[in-house]
Structure formats: structure tokens, C-alpha cells
Amino acid sequence: MHTEPSSRRSRVSGAALGAMGLALLSSCAVNPATGARQLTLMTEGQEIQMGRDADPGIVASMGLYPDESLQAYVQDLGARLAARSERPNLPWTFRVLDDPLINAFALPGGYIYVTRGILAHLDSEAELVGVLGHEIGHVTARHSVNQISRAQVAQIGLGVGMILAPELQQFEGIASASLGLLFLKFGRDDERESDQLGVRYMSRLGYDPSQLSGVMAMLGQVTSGGGEAGGVPEWLSTHPNPANREGAILEMASNAEVAADPPMVVRGPFLARLDGLTFGENPREGFFVGDQFYHPEMRFQMAFPPGWRTANSKQAVQALSPGEDALFALTVAEGTSPASALRTFLAQEGIEGGQISDASVNGLSAAAADFRFQSGQDQLSGRIVIVEHAGTLFQLLAYGVPAQWDENRSSARTAQESFRSLQDPTYLNVEPARIEVLSVSRAMSLDQFLAERGASERAQEVRLLNRLEGNPTLSAGQTLKVPVGGRLPGGE
């Protein structure tokens, strides 16, 4: 083996490092929004394509809120705001997601999302503009792109693979790999920068920038007070909220030059848009009562294994065994019949299927088979049932670690064979809770108002939606958001 002199190796290494340094230096550009130099290993075209590629996965996973008027309103408001930014020519896209969690986020390239959950908790159009402006700031400041670029530098020479082998992706659950963009956490500097940019864009459009501080106050109240989303708002999981952030925004706002006098807030017309907004989980898309799962829209029900942790999403109903050694997933399948869909599943690389059983499940046409999956040294055992109901094929897939599969298979099979048509009108006719925007007829306490409306059990939700504490006295003409309806059979 030939060995180079150490001095030559040093020169070669130095030259390589110098070349890398020049390449990285050339990737540092001045950001038009912040004026700072940034490490960027991605062109604007690549940034736009990243957002464009990820958008369908976001929409499929979380769903768009089915209100064209509300969608158009948020798109128009966001587009006018983005037009005042330093990157007006991005393909700005603003969407309202049909998700009850309090959340808002941005993808690279100008794709911005707010949930119906956060809309329900906002108190004015100015607050919505503040949320949109903050997220626009993450895009104009290229915070996500900067994080991705830094991660790429950190991985140079490490050979780290980011994507699972294709044959394993079906056992990843439902989430798209692109959804990883949602979990890029921003640090305090990025948050402060986006707050500054949000205040800047609000001011340019003529809105009162101090209203953004109200959003921070709302997040703090919901965090401490619970609510239908339960626990910490999703917005705070990726957007750290320092204790002094509300005050810092007010200080920024006091120095802002607002393009309207007086600055706009727009409360009444905004609240009118929230009247009828779905609040909390939508049981039309499926709900649990104990281990029993009901889906009114698709008219089926089934019993999940007792003691398994369950979760319902737009694309799947899933369950995890107590020992975390087996999974169950109910999804929609493609094919012309249960048998054809099953053969397609078993034909995938790495899957070895047993004999196909053509049978019925509670009077519904079905096909079932046991299977084994192997990739390298990794093995899984499983059982799959495809059931046809009301013109749709449903895939009931269960799989787990081979050593514990005999016990888990029994629980999974019982669940698979419980799938049946839903016919009970008590469950078929459930509706979600919706926001009603109500005016107080005369001065009275909050408790009196709720008692008159038959909504005393909603007191904590009303407090959080309207940023009230205790049992305050309400004034005549005061407007409140009150969730009505949405109670499930069985008292859930």
C-alpha cells in the first residue's frame, strides 16, 4: 500500500477544505427581508419546488376546510400581505386546514397554512393578519431553507440516509416523508425575526401591529387552561414562546409606521365569518366510544382490540398494541374486488403471502390472508383483510414482531372480523360542534348567559375562545363565540 508524505496530505486536505469553504461562502447570500447573510445550499426554484412537492401530502393528511368562501378570504388576505413583503413574486398559497388543533405553519416557497382550530381562537382580522405575517416572515427570511442547508453541511461525508427503503415505507403508517418539514423547530432568534417581519407586513397593509401580541396572549391562556385541543397548542411545539415575547411585540409595534390612521382591527366582520365554523373534532369523520369506532360518513363500525392505543386521522384509523409490538391500520384500498386488492398487496417485494381465503365478514364480501414481510434481517408477521362495503374497499392490516405475533394475531383477527355496516341512527346522525357568534342582550354574568343558552357545560371552552377569566360581567351588545352541539352518543 502506497502512503503519501504527511506534508503532501496536509496540502491536499487544506486545498479540499479551502475549496469547500469557497463553495460554502458562495452559498451565503444577503437575505432581502433581514439584510443578513445566510448559508443557502438551495436555489429559489428548489425552494419553491420543495413546498410544491410537500403541499399535496399536507392536504391529504390534514384536509382542507370545506368552505370555499373562507378559503378565498384567507388566500386574498394572505396574498395582499405577501405582496408587501420582500419576496412578492413567490407563488404564495394560503390554505385553511380542516384540523381542530391550534396551529399555523409555513413551507419553503410560500405555502402557508392555518387551521380552523386557530381561527376559532382569533378575535379579529388584524390577529389573523398577524399570524399570516409571522408565517410569511419565516418564508421571506428563509428560516426553513437555512435549517435544511445547515443540516446538509452537517451531514457532508457522513453518508446519512434520510429516506427509508421503498419496501419499508408501507409500514411507516400514513404520514408522507414530506411532512417532516412540519417538524423543523425554530429557535428564539428566528421567532423574534418573524415577529419583527410580521409587524412590518401588518403595518404596511394598514393593520394595527399590536394585535399580534393578542395572539401570544391567547396561546398562553390556552396552554394554561386546556381546551378542546388538549394541552399545548401545536403552534408552540414548533414556535418557542419566550415569556417576554408578548411585550417585545408591543415594543416593536410602538415603533412601527402604520399605513392607515387609525390602524385597522376589523373585529365584527371577522367574527361573522367564524359563525358556523366547525369546532373540535368532527365526528362525521369517525369517532371512538371506548374501543368501538364509528364512521357516520362511510357508514361502518368496528371494535378495536381492548387496551390498544388508537388514533383517527383523515387517511387511516390506527392502533398500537400495549407492548408496542404490533400495529393495526384501517385504510381505503384500491382494486376491483377484495381478492384483486389483496393479490396486489401480496405481490409487493418482500412480502410472502399465505393462502387467500374468500369469505364474508358480517355479510360483506371479503378476502383475507396471513403474510410475512422480510427486508434484510428485519421480519414482520401479519394478517390482512380486504372488505367491500357500499362500493368502497377497506383494508384492515395488522402486523407485528414475529415472537409475539401469535397473541397479537388473535386480538387483530377479532377486530378485523368485527367490521360491519353502521345502521344505528343514533351514531349515523351525529354532527360536530360549531361556533355560534352571539350578542349579549343585557348586562349579566357569564354564568347567567351560558345558563340561559343551555351551554353551562361549555364554560371553560367559552372562556378560552373569548379570552375571559372567572365569571365576568358581560355588557349589553358584547359578542361572544360559543360552541354548540357536537355531543356524542354514550356521553363522550
# chains A, B, ... in the order shown; residues from 1 in each chain; ligands from 1
$ residues_around --residues "range 247-256 of chain A" --least-positions-apart "5" --cutoff "12 Å" --atoms "only C-alpha atoms" --output "ChimeraX atom specification"
/A:130,134,191-217,241-242,263
$ write_last_selection --atoms "C-alpha atoms" --output "short mmCIF file (atom, residue, chain, number, x, y, z; two decimals), in the first residue's frame"
data_model
loop_
_atom_site.label_atom_id
_atom_site.label_comp_id
_atom_site.auth_asym_id
_atom_site.auth_seq_id
_atom_site.Cartn_x
_atom_site.Cartn_y
_atom_site.Cartn_z
CA GLY A 130 -50.52 38.92 12.34
CA HIS A 134 -45.45 35.91 11.06
CA GLU A 191 -39.05 33.66 16.13
CA ARG A 192 -38.04 37.20 17.04
CA GLU A 193 -37.14 37.84 13.42
CA SER A 194 -40.51 36.53 12.20
CA ASP A 195 -42.33 38.61 14.81
CA GLN A 196 -40.47 41.69 13.53
CA LEU A 197 -41.34 40.85 9.94
CA GLY A 198 -44.96 40.13 10.85
CA VAL A 199 -45.22 43.56 12.50
CA ARG A 200 -43.60 45.11 9.41
CA TYR A 201 -46.02 43.47 6.96
CA MET A 202 -49.10 44.22 9.12
CA SER A 203 -48.08 47.87 9.29
CA ARG A 204 -47.54 48.12 5.55
CA LEU A 205 -51.05 46.84 4.96
CA GLY A 206 -52.51 49.29 7.48
CA TYR A 207 -53.36 46.87 10.32
CA ASP A 208 -52.67 47.54 13.99
CA PRO A 209 -49.44 45.58 14.62
CA SER A 210 -50.02 45.47 18.38
CA GLN A 211 -52.78 42.92 17.71
CA LEU A 212 -50.15 40.23 17.15
CA SER A 213 -49.44 40.38 20.88
CA GLY A 214 -53.04 39.26 21.48
CA VAL A 215 -52.30 36.03 19.62
CA MET A 216 -49.43 35.36 22.01
CA ALA A 217 -51.70 36.08 24.98
CA ASN A 241 -42.73 31.18 23.08
CA PRO A 242 -40.38 33.07 25.42
CA PRO A 263 -54.82 51.33 12.16
#
$ residues_around --residues "range 315-323 of chain A" --least-positions-apart "3" --cutoff "10 Å" --atoms "only C-alpha atoms" --output "VMD selection string"
chain A and resid 60 to 63 173 to 175 286 to 287 293 304 to 312 326 to 332 395 to 398 400 404 408 411 to 412
$ write_last_selection --atoms "N, CA and C atoms" --output "CSV table (one decimal), in the first residue's frame"
chain,number,residue,atom,x,y,z
A,60,ALA,N,-53.6,16.0,1.9
A,60,ALA,CA,-54.1,14.7,2.0
A,60,ALA,C,-54.2,14.3,3.5
A,61,SER,N,-53.1,14.6,4.3
A,61,SER,CA,-53.1,14.2,5.7
A,61,SER,C,-54.0,15.0,6.6
A,62,MET,N,-54.2,16.3,6.3
A,62,MET,CA,-55.0,17.1,7.3
A,62,MET,C,-56.3,17.6,6.7
A,63,GLY,N,-56.4,17.6,5.3
A,63,GLY,CA,-57.7,18.0,4.7
A,63,GLY,C,-57.9,19.5,4.7
A,173,GLY,N,-46.8,3.7,8.3
A,173,GLY,CA,-48.0,4.4,8.6
A,173,GLY,C,-48.5,5.3,7.5
A,174,ILE,N,-49.1,6.3,7.7
A,174,ILE,CA,-49.8,7.1,6.7
A,174,ILE,C,-49.0,8.4,6.3
A,175,ALA,N,-48.2,8.9,7.3
A,175,ALA,CA,-47.5,10.2,7.1
A,175,ALA,C,-46.6,10.2,5.9
A,286,GLY,N,-65.5,10.0,11.8
A,286,GLY,CA,-65.2,8.9,12.7
A,286,GLY,C,-64.9,9.3,14.1
A,287,PHE,N,-65.3,8.5,15.0
A,287,PHE,CA,-65.1,8.7,16.4
A,287,PHE,C,-65.1,7.4,17.2
A,293,PHE,N,-65.3,1.9,17.2
A,293,PHE,CA,-65.1,3.0,16.3
A,293,PHE,C,-66.3,3.1,15.4
A,304,PHE,N,-62.0,-2.1,18.0
A,304,PHE,CA,-60.6,-2.3,18.1
A,304,PHE,C,-60.2,-3.1,19.3
A,305,PRO,N,-59.0,-3.7,19.2
A,305,PRO,CA,-58.5,-4.6,20.3
A,305,PRO,C,-58.5,-3.8,21.7
A,306,PRO,N,-59.1,-4.3,22.7
A,306,PRO,CA,-59.1,-3.7,24.0
A,306,PRO,C,-57.7,-3.4,24.5
A,307,GLY,N,-57.5,-2.2,25.0
A,307,GLY,CA,-56.2,-1.9,25.6
A,307,GLY,C,-55.2,-1.3,24.6
A,308,TRP,N,-55.5,-1.4,23.3
A,308,TRP,CA,-54.6,-0.8,22.3
A,308,TRP,C,-54.8,0.7,22.2
A,309,ARG,N,-53.8,1.4,22.0
A,309,ARG,CA,-53.9,2.9,21.8
A,309,ARG,C,-54.3,3.2,20.4
A,310,THR,N,-55.3,4.0,20.3
A,310,THR,CA,-56.0,4.3,19.0
A,310,THR,C,-55.8,5.7,18.6
A,311,ALA,N,-55.9,6.0,17.2
A,311,ALA,CA,-55.8,7.3,16.7
A,311,ALA,C,-56.5,7.3,15.4
A,312,ASN,N,-57.3,8.4,15.2
A,312,ASN,CA,-58.1,8.5,13.9
A,312,ASN,C,-57.6,9.8,13.2
A,326,ALA,N,-47.0,-4.5,17.9
A,326,ALA,CA,-48.0,-4.8,16.8
A,326,ALA,C,-48.8,-3.5,16.5
A,327,LEU,N,-49.1,-3.4,15.2
A,327,LEU,CA,-49.9,-2.3,14.7
A,327,LEU,C,-51.1,-2.8,13.9
A,328,PHE,N,-52.1,-1.9,14.0
A,328,PHE,CA,-53.4,-2.2,13.2
A,328,PHE,C,-53.7,-0.9,12.5
A,329,ALA,N,-54.0,-1.0,11.2
A,329,ALA,CA,-54.3,0.2,10.4
A,329,ALA,C,-55.5,-0.1,9.5
A,330,LEU,N,-56.5,0.7,9.5
A,330,LEU,CA,-57.7,0.6,8.6
A,330,LEU,C,-57.6,1.8,7.7
A,331,THR,N,-57.5,1.4,6.4
A,331,THR,CA,-57.4,2.4,5.3
A,331,THR,C,-58.3,2.0,4.1
A,332,VAL,N,-58.4,2.9,3.2
A,332,VAL,CA,-59.1,2.6,1.9
A,332,VAL,C,-58.2,1.9,1.0
A,395,GLN,N,-59.1,-1.8,3.7
A,395,GLN,CA,-58.0,-2.6,4.1
A,395,GLN,C,-57.8,-2.6,5.6
A,396,LEU,N,-57.9,-3.8,6.2
A,396,LEU,CA,-57.7,-3.9,7.6
A,396,LEU,C,-56.4,-4.7,7.8
A,397,LEU,N,-55.3,-4.0,8.0
A,397,LEU,CA,-54.0,-4.5,8.1
A,397,LEU,C,-53.4,-4.6,9.5
A,398,ALA,N,-53.0,-5.8,9.9
A,398,ALA,CA,-52.4,-5.9,11.2
A,398,ALA,C,-51.0,-6.6,11.0
A,400,GLY,N,-46.9,-7.4,13.1
A,400,GLY,CA,-46.1,-7.2,14.4
A,400,GLY,C,-44.9,-8.0,14.4
A,404,GLN,N,-44.1,-12.3,19.2
A,404,GLN,CA,-45.3,-12.0,20.0
A,404,GLN,C,-46.5,-12.1,19.0
A,408,ASN,N,-50.9,-11.4,19.5
A,408,ASN,CA,-51.4,-10.2,18.9
A,408,ASN,C,-52.3,-10.6,17.7
A,411,SER,N,-56.0,-11.0,18.7
A,411,SER,CA,-56.7,-9.7,19.0
A,411,SER,C,-57.0,-9.0,17.7
A,412,ALA,N,-56.0,-9.0,16.8
A,412,ALA,CA,-56.2,-8.4,15.5
A,412,ALA,C,-57.3,-9.0,14.7
$ residues_around --residues "range 339-351 of chain A" --least-positions-apart "3" --cutoff "8 Å" --atoms "only C-alpha atoms" --output "compact mmCIF listing (two decimals) with C-alpha atoms, in the first residue's frame"
# COMPACT_ATOMS: atom_id res chain seq x y z
CA GLU A 167 -40.21 -1.57 0.55
CA ALA A 333 -57.77 0.15 -0.67
CA GLU A 334 -57.73 0.26 -4.46
CA GLY A 335 -58.91 -2.53 -6.72
CA THR A 336 -61.91 -4.01 -8.47
CA ILE A 356 -56.09 -16.38 0.23
CA ASP A 358 -62.51 -15.72 0.16
CA ALA A 366 -64.09 -10.03 1.86
CA ALA A 367 -60.73 -11.70 1.24
CA ALA A 368 -58.07 -12.47 3.85
CA ALA A 369 -54.56 -13.87 4.11
CA PHE A 371 -48.30 -12.89 5.34
CA ARG A 372 -44.69 -12.43 6.27
CA PHE A 373 -42.52 -9.46 5.36
CA GLN A 374 -38.72 -9.56 5.29
CA SER A 375 -36.12 -6.92 4.46
CA ILE A 384 -54.69 -8.59 6.08
CA VAL A 385 -58.41 -8.48 5.32
CA ILE A 386 -59.97 -6.53 2.45
$ closest_residue --among "A:Arg87, A:Arg299, A:His121, A:His143" --to "Pro483 in chain A" --atoms "only C-alpha atoms"
A:His121
$ atom_distance --atom1 "CA of Gly117 in chain A" --atom2 "CA of Gly485 in chain A"
16.5 Å
$ residues_around --residues "Phe449 in chain A" --least-positions-apart "3" --cutoff "12 Å" --atoms "only C-alpha atoms" --output "VMD selection string"
chain A and resid 438 to 446 452 to 456 458 to 459 462 471 to 476 478 to 480 482
$ residues_around --residues "Ile48 in chain A" --least-positions-apart "5" --cutoff "9 Å" --atoms "only C-alpha atoms" --output "ChimeraX atom specification"
/A:43,53,90-91,107-111
$ closest_residue --among "A:Val430, A:Ala303, A:Gln221, A:Thr392" --to "Phe288 in chain A" --atoms "only C-alpha atoms"
A:Ala303
